[in-house]
>>> print(open('coords-v1.pdb').read())   # PDB, C-alpha atoms, pLDDT in the B column
ATOM      1  CA  MET A   1     -46.588 -52.285  88.639  1.00 68.00           C
ATOM      2  CA  SER A   2     -45.122 -48.868  89.198  1.00 86.00           C
ATOM      3  CA  LEU A   3     -41.439 -48.032  89.265  1.00 85.00           C
ATOM      4  CA  ILE A   4     -41.561 -47.343  93.012  1.00 86.00           C
ATOM      5  CA  SER A   5     -43.059 -50.768  93.708  1.00 86.00           C
ATOM      6  CA  LEU A   6     -40.370 -52.440  91.618  1.00 86.00           C
ATOM      7  CA  ILE A   7     -37.596 -50.571  93.428  1.00 88.00           C
ATOM      8  CA  ALA A   8     -39.147 -51.430  96.813  1.00 88.00           C
ATOM      9  CA  MET A   9     -39.307 -55.125  95.890  1.00 90.00           C
ATOM     10  CA  VAL A  10     -35.659 -55.126  94.757  1.00 90.00           C
ATOM     11  CA  VAL A  11     -34.538 -53.430  97.988  1.00 92.00           C
ATOM     12  CA  ILE A  12     -36.583 -55.804 100.160  1.00 93.00           C
ATOM     13  CA  GLY A  13     -35.274 -58.795  98.198  1.00 92.00           C
ATOM     14  CA  TYR A  14     -31.699 -57.582  98.669  1.00 91.00           C
ATOM     15  CA  PHE A  15     -32.175 -57.333 102.443  1.00 91.00           C
ATOM     16  CA  VAL A  16     -33.831 -60.758 102.634  1.00 92.00           C
ATOM     17  CA  VAL A  17     -30.939 -62.364 100.730  1.00 91.00           C
ATOM     18  CA  ASN A  18     -28.406 -60.699 103.038  1.00 90.00           C
ATOM     19  CA  LEU A  19     -30.320 -61.836 106.125  1.00 90.00           C
ATOM     20  CA  VAL A  20     -30.364 -65.427 104.886  1.00 90.00           C
ATOM     21  CA  LYS A  21     -26.627 -65.326 104.108  1.00 89.00           C
ATOM     22  CA  ASP A  22     -25.888 -63.897 107.562  1.00 88.00           C
ATOM     23  CA  TYR A  23     -28.055 -66.544 109.236  1.00 88.00           C
ATOM     24  CA  ASN A  24     -26.305 -69.363 107.357  1.00 86.00           C
ATOM     25  CA  GLY A  25     -22.887 -67.922 108.234  1.00 84.00           C
ATOM     26  CA  ARG A  26     -23.788 -67.839 111.910  1.00 86.00           C
ATOM     27  CA  GLN A  27     -25.054 -71.412 111.770  1.00 85.00           C
ATOM     28  CA  GLN A  28     -21.736 -72.583 110.325  1.00 85.00           C
ATOM     29  CA  GLN A  29     -19.805 -70.610 112.945  1.00 85.00           C
ATOM     30  CA  ASP A  30     -21.947 -72.107 115.719  1.00 85.00           C
ATOM     31  CA  SER A  31     -21.346 -75.574 114.295  1.00 87.00           C
ATOM     32  CA  ARG A  32     -17.566 -75.079 114.289  1.00 88.00           C
ATOM     33  CA  GLN A  33     -17.683 -73.682 117.822  1.00 90.00           C
ATOM     34  CA  LEU A  34     -19.751 -76.660 118.998  1.00 91.00           C
ATOM     35  CA  GLU A  35     -17.244 -79.094 117.469  1.00 92.00           C
ATOM     36  CA  ALA A  36     -14.373 -77.288 119.196  1.00 93.00           C
ATOM     37  CA  LEU A  37     -16.159 -77.453 122.552  1.00 93.00           C
ATOM     38  CA  GLN A  38     -16.952 -81.145 122.098  1.00 94.00           C
ATOM     39  CA  GLN A  39     -13.281 -81.834 121.349  1.00 95.00           C
ATOM     40  CA  GLU A  40     -12.233 -79.870 124.426  1.00 95.00           C
ATOM     41  CA  VAL A  41     -14.638 -81.875 126.609  1.00 95.00           C
ATOM     42  CA  ALA A  42     -13.276 -85.131 125.184  1.00 95.00           C
ATOM     43  CA  ASP A  43      -9.702 -83.989 125.906  1.00 95.00           C
ATOM     44  CA  LEU A  44     -10.623 -83.010 129.459  1.00 95.00           C
ATOM     45  CA  LYS A  45     -12.326 -86.361 130.057  1.00 94.00           C
ATOM     46  CA  GLN A  46      -9.144 -88.129 128.967  1.00 95.00           C
ATOM     47  CA  ARG A  47      -7.077 -85.971 131.322  1.00 93.00           C
ATOM     48  CA  VAL A  48      -9.403 -86.802 134.223  1.00 93.00           C
ATOM     49  CA  ILE A  49      -9.086 -90.508 133.460  1.00 90.00           C
ATOM     50  CA  THR A  50      -5.292 -90.186 133.460  1.00 88.00           C
ATOM     51  CA  LEU A  51      -5.273 -88.244 136.730  1.00 86.00           C
ATOM     52  CA  GLU A  52      -7.605 -90.764 138.370  1.00 84.00           C
ATOM     53  CA  ALA A  53      -5.284 -93.576 137.323  1.00 83.00           C
ATOM     54  CA  ILE A  54      -2.282 -91.773 138.823  1.00 80.00           C
ATOM     55  CA  VAL A  55      -4.074 -91.037 142.108  1.00 78.00           C
ATOM     56  CA  VAL A  56      -5.422 -94.559 142.468  1.00 78.00           C
ATOM     57  CA  ASP A  57      -2.047 -96.091 141.598  1.00 76.00           C
ATOM     58  CA  LYS A  58      -0.226 -93.966 144.191  1.00 69.00           C
ATOM     59  CA  ASP A  59      -2.890 -94.760 146.774  1.00 67.00           C
ATOM     60  CA  GLU A  60      -2.564 -98.482 146.105  1.00 73.00           C
ATOM     61  CA  ALA A  61       1.245 -98.282 146.238  1.00 74.00           C
ATOM     62  CA  LEU A  62       1.054 -96.482 149.579  1.00 72.00           C
ATOM     63  CA  LYS A  63      -1.347 -99.107 150.970  1.00 74.00           C
ATOM     64  CA  GLN A  64       1.031-101.832 149.831  1.00 76.00           C
ATOM     65  CA  LYS A  65       3.950-100.144 151.627  1.00 73.00           C
ATOM     66  CA  PHE A  66       1.917 -99.998 154.831  1.00 74.00           C
ATOM     67  CA  ARG A  67       1.024-103.672 154.451  1.00 78.00           C
ATOM     68  CA  ASP A  68       4.695-104.524 153.957  1.00 77.00           C
ATOM     69  CA  LEU A  69       5.592-102.849 157.282  1.00 74.00           C
TER      70      LEU A  69
END
>>> encode(input="coords-v1.pdb", output="structure tokens")
Amino acid sequence: MSLISLIAMVVIGYFVVNLVKDYNGRQQQDSRQLEALQQEVADLKQRVITLEAIVVDKDEALKQKFRDL
């Protein structure tokens, strides 16, 4: 194996290791971003449930007032 081949293999190995590290870092970042989005969706679902309860309750209270007239 010549010196040039050895240097080329070391350089290629260095780039491969850096690519793998970068890929793994992006996967972890994507995972954290996905968890944040899932939490946001869960929070929004809870808000919608609360708003639906308020709207339905006011609607029922209004119907009751009309019935009482």
>>> atom_distance(input="coords-v1.pdb", atom1="atom CA of Gln29 of chain A", atom2="atom CA of Gln46 of chain A")
26.0 Å
>>> atom_distance(input="coords-v1.pdb", atom1="atom CA of Asn18 of chain A", atom2="atom CA of Leu34 of chain A")
24.2 Å
>>> atom_distance(input="coords-v1.pdb", atom1="atom CA of Phe15 of chain A", atom2="atom CA of Asp30 of chain A")
22.3 Å
